[in-house]
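Have a look at upload_17.txt; it's compact mmCIF, C-alpha atoms:
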```
# COMPACT_ATOMS: atom_id res chain seq x y z
CA MET Z 105 14.47 -16.20 5.62
CA SER Z 106 16.40 -12.97 5.77
CA GLN Z 107 16.17 -10.96 8.95
CA SER Z 108 15.76 -7.67 7.10
CA ARG Z 109 12.25 -8.61 6.11
CA HIS Z 110 11.18 -8.47 9.76
CA VAL Z 111 11.76 -4.75 10.15
CA PRO Z 112 8.39 -2.98 9.91
CA VAL Z 113 8.75 0.56 8.56
CA MET Z 114 8.32 3.52 10.95
CA LEU Z 115 6.91 1.12 13.52
CA GLN Z 116 7.29 3.25 16.65
CA ARG Z 117 5.78 6.31 15.01
CA CYS Z 118 2.77 4.32 13.74
CA LEU Z 119 2.13 2.92 17.24
CA ASP Z 120 2.46 6.37 18.84
CA LEU Z 121 0.04 7.87 16.30
CA LEU Z 122 -2.61 5.23 17.00
CA ALA Z 123 -1.99 4.98 20.77
CA PRO Z 124 -4.45 7.62 22.07
CA ALA Z 125 -7.31 5.84 20.30
CA LEU Z 126 -6.34 2.37 21.56
CA GLU Z 127 -5.89 2.96 25.29
CA GLY Z 128 -9.55 2.42 26.25
CA PRO Z 129 -11.39 -0.85 27.01
CA ASP Z 130 -11.54 -3.50 24.26
CA PRO Z 131 -10.67 -1.37 21.22
CA VAL Z 132 -10.65 -2.98 17.76
CA VAL Z 133 -7.70 -2.11 15.52
CA VAL Z 134 -7.44 -3.11 11.86
CA ASP Z 135 -4.19 -3.85 10.06
CA CYS Z 136 -5.30 -3.56 6.43
CA THR Z 137 -1.96 -4.80 5.08
CA LEU Z 138 -0.91 -7.70 7.30
CA GLY Z 139 2.08 -8.88 5.24
CA LEU Z 140 4.40 -10.79 7.55
CA GLY Z 141 2.67 -9.47 10.65
CA GLY Z 142 5.36 -7.11 11.98
CA HIS Z 143 3.05 -4.17 12.60
CA SER Z 144 0.24 -6.48 13.79
CA GLU Z 145 2.46 -8.22 16.33
CA ALA Z 146 3.62 -4.87 17.70
CA LEU Z 147 0.01 -3.61 17.98
CA LEU Z 148 -1.02 -6.71 19.96
CA GLU Z 149 1.99 -6.43 22.26
CA ARG Z 150 1.71 -2.72 22.94
CA PHE Z 151 -2.07 -2.63 23.40
CA PRO Z 152 -2.95 -5.69 25.49
CA GLN Z 153 -6.67 -4.73 25.60
CA ALA Z 154 -6.96 -4.50 21.81
CA ARG Z 155 -8.53 -6.94 19.42
CA LEU Z 156 -6.88 -7.08 16.00
CA VAL Z 157 -8.49 -7.69 12.62
CA ALA Z 158 -5.88 -8.12 9.89
CA LEU Z 159 -6.38 -8.39 6.12
CA ASP Z 160 -4.17 -9.67 3.32
CA ARG Z 161 -4.87 -10.82 -0.21
CA ASP Z 162 -1.79 -13.08 -0.18
CA LYS Z 163 -2.49 -16.55 1.24
CA GLU Z 164 1.17 -17.27 1.89
CA ALA Z 165 1.50 -14.06 3.93
CA LEU Z 166 -1.59 -15.07 5.95
CA ARG Z 167 -0.11 -18.50 6.67
CA LEU Z 168 3.26 -17.13 7.84
CA SER Z 169 1.81 -14.29 9.90
CA GLY Z 170 -0.74 -16.71 11.36
CA GLU Z 171 2.16 -18.70 12.85
CA ARG Z 172 3.77 -15.52 14.12
CA LEU Z 173 0.58 -14.22 15.78
CA ALA Z 174 -0.56 -17.62 17.13
CA PRO Z 175 0.60 -16.83 20.71
CA HIS Z 176 -2.04 -14.06 20.82
CA GLY Z 177 -4.81 -16.58 20.23
CA GLU Z 178 -8.31 -15.20 19.74
CA ARG Z 179 -7.22 -11.57 19.98
CA ALA Z 180 -6.13 -11.77 16.34
CA THR Z 181 -8.57 -12.45 13.48
CA LEU Z 182 -6.83 -12.88 10.11
CA VAL Z 183 -8.90 -12.54 6.94
CA HIS Z 184 -8.11 -13.32 3.29
CA ALA Z 185 -9.36 -10.11 1.66
CA VAL Z 186 -8.24 -7.07 -0.33
CA TYR Z 187 -8.25 -3.97 1.84
CA ASP Z 188 -11.08 -2.25 0.00
CA GLU Z 189 -13.26 -5.12 1.29
CA LEU Z 190 -12.91 -3.76 4.83
CA PRO Z 191 -16.63 -2.80 5.20
CA GLU Z 192 -17.75 -6.35 4.25
CA VAL Z 193 -15.16 -7.93 6.55
CA LEU Z 194 -16.27 -5.83 9.54
CA HIS Z 195 -19.93 -6.49 8.76
CA LYS Z 196 -19.35 -10.27 8.72
CA LEU Z 197 -17.51 -10.08 12.04
CA GLY Z 198 -20.31 -8.00 13.55
CA ILE Z 199 -18.01 -5.04 14.28
CA PRO Z 200 -19.85 -1.73 13.71
CA ARG Z 201 -16.91 0.65 14.30
CA VAL Z 202 -13.17 0.44 14.99
CA ARG Z 203 -10.75 2.57 17.01
CA GLY Z 204 -7.71 2.32 14.79
CA VAL Z 205 -6.72 1.50 11.21
CA LEU Z 206 -3.22 0.99 9.82
CA PHE Z 207 -2.17 0.71 6.16
CA ASP Z 208 1.40 -0.09 5.13
CA LEU Z 209 1.23 0.19 1.35
CA GLY Z 210 4.72 -1.14 0.62
CA VAL Z 211 4.72 -4.47 -1.13
CA SER Z 212 5.28 -6.99 1.59
CA SER Z 213 9.04 -7.48 1.92
CA MET Z 214 8.45 -11.17 1.53
CA GLN Z 215 7.10 -10.69 -1.97
CA LEU Z 216 10.16 -8.67 -2.94
CA ASP Z 217 12.44 -11.32 -1.44
CA GLU Z 218 10.80 -14.27 -3.15
CA ALA Z 219 12.25 -14.65 -6.61
CA ASP Z 220 9.49 -16.80 -8.03
CA ARG Z 221 6.84 -14.11 -7.55
CA GLY Z 222 8.38 -11.87 -10.24
CA PHE Z 223 8.28 -8.66 -8.18
CA ALA Z 224 12.02 -8.16 -7.99
CA TYR Z 225 14.02 -6.71 -10.84
CA ALA Z 226 17.28 -7.71 -9.13
CA GLN Z 227 16.85 -11.41 -9.99
CA ASP Z 228 15.35 -13.45 -12.81
CA ALA Z 229 11.83 -14.76 -12.16
CA PRO Z 230 8.57 -15.45 -13.98
CA LEU Z 231 6.76 -12.15 -14.62
CA ASP Z 232 3.78 -12.67 -12.35
CA MET Z 233 3.48 -9.87 -9.73
CA ARG Z 234 -0.01 -10.86 -8.53
CA MET Z 235 -0.32 -10.50 -4.77
CA ASP Z 236 -3.15 -12.99 -4.85
CA GLN Z 237 -1.96 -15.65 -7.26
CA THR Z 238 -5.41 -17.27 -7.44
CA THR Z 239 -6.93 -14.46 -9.51
CA GLY Z 240 -6.34 -11.80 -12.17
CA VAL Z 241 -3.87 -11.25 -15.02
CA SER Z 242 -0.11 -11.59 -14.59
CA ALA Z 243 2.50 -8.97 -15.51
CA ALA Z 244 3.53 -11.14 -18.48
CA GLU Z 245 -0.05 -11.01 -19.84
CA VAL Z 246 -0.08 -7.22 -19.47
CA LEU Z 247 3.20 -6.91 -21.38
CA ASN Z 248 2.22 -9.37 -24.09
CA THR Z 249 -1.38 -8.29 -24.75
CA TYR Z 250 -1.98 -4.62 -23.87
CA PRO Z 251 -2.06 -2.15 -26.79
CA PRO Z 252 1.07 0.06 -26.97
CA GLY Z 253 -0.83 3.25 -26.06
CA GLU Z 254 -2.20 1.61 -22.91
CA LEU Z 255 1.29 0.41 -21.88
CA VAL Z 256 2.66 3.94 -22.34
CA ARG Z 257 -0.17 5.33 -20.17
CA ILE Z 258 0.52 2.78 -17.40
CA LEU Z 259 4.28 3.43 -17.37
CA ARG Z 260 3.73 7.18 -17.25
CA ALA Z 261 0.87 7.25 -14.74
CA TYR Z 262 1.98 4.50 -12.34
CA GLY Z 263 5.75 4.48 -12.83
CA GLU Z 264 6.26 8.18 -13.57
CA GLU Z 265 8.59 6.90 -16.30
CA LYS Z 266 9.72 9.71 -18.61
CA GLN Z 267 11.05 7.25 -21.20
CA ALA Z 268 7.77 5.30 -21.43
CA LYS Z 269 7.49 5.62 -25.22
CA ARG Z 270 10.99 4.28 -25.85
CA ILE Z 271 10.53 1.37 -23.46
CA VAL Z 272 7.13 0.42 -24.91
CA ALA Z 273 8.42 0.59 -28.49
CA ALA Z 274 11.13 -1.90 -27.50
CA ILE Z 275 8.61 -4.13 -25.63
CA VAL Z 276 6.27 -4.26 -28.64
CA ARG Z 277 9.15 -5.04 -31.02
CA GLU Z 278 10.39 -7.87 -28.77
CA ARG Z 279 7.02 -9.40 -27.87
CA ASP Z 280 6.25 -9.85 -31.57
CA LYS Z 281 9.34 -12.06 -31.81
CA GLU Z 282 8.65 -13.95 -28.59
CA PRO Z 283 6.20 -13.29 -25.71
CA PHE Z 284 7.67 -12.16 -22.38
CA SER Z 285 7.77 -14.65 -19.54
CA ASN Z 286 10.72 -13.72 -17.28
CA SER Z 287 11.91 -10.58 -15.56
CA ALA Z 288 15.59 -10.70 -16.64
CA ARG Z 289 14.70 -10.23 -20.32
CA LEU Z 290 12.55 -7.21 -19.47
CA VAL Z 291 15.29 -5.65 -17.30
CA GLU Z 292 17.83 -6.10 -20.11
CA LEU Z 293 15.45 -4.61 -22.67
CA ILE Z 294 14.85 -1.54 -20.48
CA ARG Z 295 18.60 -1.03 -19.99
CA ASP Z 296 19.13 -1.19 -23.76
CA ALA Z 297 16.19 1.12 -24.54
CA LEU Z 298 17.17 3.97 -22.23
CA PRO Z 299 19.53 6.79 -23.25
CA GLN Z 300 22.81 6.90 -21.31
CA ALA Z 301 21.81 9.94 -19.23
CA ALA Z 302 18.64 8.24 -17.95
CA LYS Z 303 20.69 5.28 -16.69
CA ARG Z 304 22.87 7.40 -14.48
CA THR Z 305 20.17 8.49 -12.06
CA GLY Z 306 17.85 6.88 -9.54
CA GLY Z 307 18.96 3.28 -9.04
CA ASN Z 308 17.94 0.36 -11.23
CA PRO Z 309 16.52 1.69 -14.51
CA ALA Z 310 13.82 -1.04 -14.48
CA LYS Z 311 12.44 0.07 -11.11
CA ARG Z 312 9.76 2.45 -12.44
CA THR Z 313 8.49 0.00 -15.06
CA PHE Z 314 8.22 -2.80 -12.47
CA GLN Z 315 6.37 -0.47 -10.10
CA ALA Z 316 3.92 0.47 -12.87
CA LEU Z 317 3.27 -3.17 -13.77
CA ARG Z 318 2.75 -4.12 -10.13
CA ILE Z 319 0.18 -1.34 -9.65
CA GLU Z 320 -1.66 -2.32 -12.85
CA VAL Z 321 -1.66 -6.07 -12.14
CA ASN Z 322 -3.02 -5.62 -8.62
CA GLY Z 323 -5.32 -2.68 -9.36
CA GLU Z 324 -3.62 -1.00 -6.42
CA LEU Z 325 -4.63 2.63 -6.95
CA ALA Z 326 -8.25 1.79 -7.74
CA VAL Z 327 -8.38 -0.38 -4.61
CA LEU Z 328 -6.76 2.36 -2.53
CA GLU Z 329 -9.23 4.97 -3.82
CA ARG Z 330 -12.04 2.87 -2.37
CA ALA Z 331 -10.18 1.66 0.71
CA ILE Z 332 -9.08 4.91 2.38
CA PRO Z 333 -12.55 6.55 2.47
CA ALA Z 334 -14.05 3.21 3.61
CA ALA Z 335 -11.52 3.00 6.46
CA VAL Z 336 -12.26 6.58 7.55
CA LYS Z 337 -15.96 5.74 7.55
CA ALA Z 338 -15.33 2.67 9.74
CA LEU Z 339 -13.66 4.79 12.44
CA ASP Z 340 -15.42 5.60 15.66
CA VAL Z 341 -15.36 9.25 16.75
CA GLY Z 342 -11.94 9.58 18.38
CA GLY Z 343 -10.60 6.73 16.25
CA ARG Z 344 -7.35 7.16 14.33
CA ILE Z 345 -5.93 6.08 10.97
CA ALA Z 346 -2.26 5.88 9.95
CA VAL Z 347 -1.16 5.29 6.34
CA LEU Z 348 2.36 4.55 5.10
CA SER Z 349 2.79 5.18 1.35
CA TYR Z 350 5.86 4.58 -0.78
CA HIS Z 351 5.36 6.63 -3.92
CA SER Z 352 3.87 9.96 -4.79
CA LEU Z 353 0.71 8.59 -6.43
CA GLU Z 354 -0.35 6.75 -3.27
CA ASP Z 355 0.65 9.61 -1.01
CA ARG Z 356 -1.27 12.15 -3.09
CA LEU Z 357 -4.40 10.02 -2.93
CA VAL Z 358 -4.19 9.65 0.87
CA LYS Z 359 -3.48 13.38 1.22
CA HIS Z 360 -6.61 14.27 -0.81
CA VAL Z 361 -8.91 12.00 1.22
CA PHE Z 362 -7.56 13.33 4.54
CA ALA Z 363 -7.61 16.97 3.38
CA ALA Z 364 -11.22 16.65 2.16
CA GLY Z 365 -12.24 15.15 5.52
CA ALA Z 366 -10.47 17.91 7.44
CA ALA Z 367 -12.04 20.75 5.43
CA THR Z 368 -15.36 22.45 6.03
CA THR Z 369 -17.88 21.79 3.27
CA ALA Z 370 -19.94 24.92 4.03
CA PRO Z 371 -20.81 27.34 1.26
CA PRO Z 372 -18.60 30.44 1.65
CA GLY Z 373 -19.91 33.38 3.65
CA LEU Z 374 -22.00 31.60 6.30
CA PRO Z 375 -21.69 33.51 9.62
CA VAL Z 376 -22.03 30.25 11.59
CA VAL Z 377 -21.09 26.88 10.08
CA PRO Z 378 -23.83 24.28 10.76
CA GLU Z 379 -22.62 20.97 12.15
CA ARG Z 380 -23.24 19.03 8.96
CA TYR Z 381 -20.57 21.13 7.20
CA GLN Z 382 -17.96 20.84 9.97
CA PRO Z 383 -14.76 18.83 9.29
CA ARG Z 384 -14.99 15.10 10.06
CA LEU Z 385 -11.24 14.63 10.43
CA LYS Z 386 -8.37 16.27 12.24
CA LEU Z 387 -4.94 15.87 10.63
CA LEU Z 388 -2.35 14.36 12.98
CA THR Z 389 0.73 14.89 10.80
CA ARG Z 390 1.97 18.13 9.27
CA GLY Z 391 2.22 17.08 5.66
CA ALA Z 392 3.76 13.63 5.38
CA GLU Z 393 6.27 12.47 8.01
CA LEU Z 394 9.48 10.88 6.75
CA PRO Z 395 11.62 8.12 8.27
CA THR Z 396 14.71 9.20 10.22
CA GLU Z 397 18.20 8.81 8.78
CA GLU Z 398 18.92 6.13 11.40
CA GLU Z 399 15.89 4.16 10.32
CA ILE Z 400 16.85 4.33 6.65
CA ALA Z 401 20.37 3.17 7.55
CA GLU Z 402 18.86 0.17 9.40
CA ASN Z 403 16.19 -0.65 6.82
CA ARG Z 404 16.74 0.62 3.27
CA ARG Z 405 13.10 -0.18 2.38
CA ALA Z 406 12.03 2.67 4.66
CA ALA Z 407 13.69 5.30 2.44
CA PRO Z 408 10.68 6.29 0.28
CA ALA Z 409 8.09 5.94 3.08
CA ARG Z 410 5.64 8.78 3.82
CA LEU Z 411 3.39 8.61 6.88
CA ARG Z 412 0.09 10.48 7.28
CA GLY Z 413 -2.34 10.23 10.17
CA ALA Z 414 -5.83 11.54 10.91
CA GLN Z 415 -8.41 11.35 13.70
CA ARG Z 416 -12.18 11.06 13.31
CA ILE Z 417 -13.63 14.03 15.23
CA ARG Z 418 -17.33 13.78 14.50
CA GLU Z 419 -20.06 11.66 12.95
CA ASP Z 420 -21.29 12.18 9.43
CA VAL Z 421 -24.43 14.24 9.66
CA GLU Z 422 -26.73 13.82 6.69
```

Using structure tokens, write down the structure that the file contains.
Amino acid sequence: MSQSRHVPVMLQRCLDLLAPALEGPDPVVVDCTLGLGGHSEALLERFPQARLVALDRDKEALRLSGERLAPHGERATLVHAVYDELPEVLHKLGIPRVRGVLFDLGVSSMQLDEADRGFAYAQDAPLDMRMDQTTGVSAAEVLNTYPPGELVRILRAYGEEKQAKRIVAAIVRERDKEPFSNSARLVELIRDALPQAAKRTGGNPAKRTFQALRIEVNGELAVLERAIPAAVKALDVGGRIAVLSYHSLEDRLVKHVFAAGAATTAPPGLPVVPERYQPRLKLLTRGAELPTEEEIAENRRAAPARLRGAQRIREDVE
């Protein structure tokens, strides 16, 4: 088990952002993306009054983090769930509102480190990419069965891949000869399909395609679109939410939800804005905060991270 996987991204900043909401008596804080439990462990240690509810769709992550958080006993409740299921999880636990919510949207480092999960383009592995391997279609099925136009759309929308058409043409040609099953063949195909100039920039040329497949396989953006508003709704007045994103699609989505919550919904020209139109959220970060150079040097996975925070400042008034 490599030590690098135990470095949670922007940890101190996340804790500081949530701190004012978690200082009171018996606050509940939710870690929507438990992973290996790095952020969760730090929350339990820094806020000794807090009760933690942590979600993950990956059973292996739950098992490992369960061992890590065992010393905290009943203060930690770990739940096998996708993060857009937060309202149902809280309802089952009889928790009406929470004081803090944290999302770390990076794929758990463990999944990137484990070759047999097919997330990593740096090593050969079966093309799976499902975070919950008990359900859904694998990346290989997506590659082998989706119509070409749909594959192009996914690579463009989720991978921001400018060469999507070239790559998909090569995928379709190759899958007709033999279906895809392993990542190395896909990486090689992408390298061959790209023009020289495209290979010279931005790291491994397969990175964007793998990102796009991962988002499609796990329905990540659709889940996130439901999850962020649900988390905001679960916050008590005074409660805080912190979200770490790793690519522009996620960050844009979080930005829109926060900006909408922080805006007045009053029709223009009202001399006094009635309470039901007042903002529900106060933004805690100016734009997105970035990791420091020192942090990136210590933990290269932090490089693309973007952190946004918001505070619930009033109830919804119908």

With a distance cut-off of 7 Å and all atoms listed in the file, select the neighbouring residues of stretch 183-190 of chain Z, excluding the residue or stretch itself and same-chain residues fewer than 5 positions from it, and output the selection as a compact mmCIF listing (two decimals) with C-alpha atoms, in the coordinates of the input.
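This went into part_7.txt:
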```
# COMPACT_ATOMS: atom_id res chain seq x y z
CA CYS Z 136 -5.30 -3.56 6.43
CA ALA Z 158 -5.88 -8.12 9.89
CA LEU Z 159 -6.38 -8.39 6.12
CA ASP Z 160 -4.17 -9.67 3.32
CA ARG Z 161 -4.87 -10.82 -0.21
CA LYS Z 163 -2.49 -16.55 1.24
CA VAL Z 327 -8.38 -0.38 -4.61
CA LEU Z 328 -6.76 2.36 -2.53
CA ARG Z 330 -12.04 2.87 -2.37
CA ALA Z 331 -10.18 1.66 0.71
```

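The interatomic distance for the pair atom CA of Z:Met235 and atom CA of Z:Arg344 works out to 26.9 Å.
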
Considering all atoms listed in the file, return as a ChimeraX atom specification whatever protein or nucleic-acid residues lie within 8 Å of Z:Leu293, sequence-local ones (same chain, fewer than 6 positions apart) excluded.
/Z:271,274-275

Now that the selection is made, can you save its residues with C-alpha atoms as an mmCIF file, in the coordinates of the input?
```
data_model
loop_
_atom_site.group_PDB
_atom_site.id
_atom_site.type_symbol
_atom_site.label_atom_id
_atom_site.label_comp_id
_atom_site.auth_asym_id
_atom_site.auth_seq_id
_atom_site.Cartn_x
_atom_site.Cartn_y
_atom_site.Cartn_z
ATOM 1 C CA ILE Z 271 10.530 1.370 -23.460
ATOM 2 C CA ALA Z 274 11.130 -1.900 -27.500
ATOM 3 C CA ILE Z 275 8.610 -4.130 -25.630
#
```

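Closest approach to Z:Gly142 from the set Z:Leu126, Z:Gly413, Z:Lys337, Z:Gln116 is made by Z:Gln116, with distances taken over only C-alpha atoms.
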
As a VMD selection string, please: the residues near Z:Ile294 (cut-off 12 Å, all atoms listed in the file, same-chain neighbours under 2 positions excluded).
chain Z and resid 225 265 267 to 275 278 287 to 292 296 to 300 302 to 303 308 to 314

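Closest approach to Z:Ala123 from the set Z:Pro191, Z:Ala366, Z:Ala392, Z:Gly342 is made by Z:Gly342, with distances taken over only C-alpha atoms.
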
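Distance check against Z:Leu194 using only C-alpha atoms: of Z:Pro152, Z:Gln237, Z:Ala338, Z:Ala244, the minimum falls on Z:Ala338.
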
Polymer residues at most 9 Å from Z:Pro283, only C-alpha atoms, same-chain spacing of 6 or more positions, as number ranges by chain
Z: 244-245, 247-248
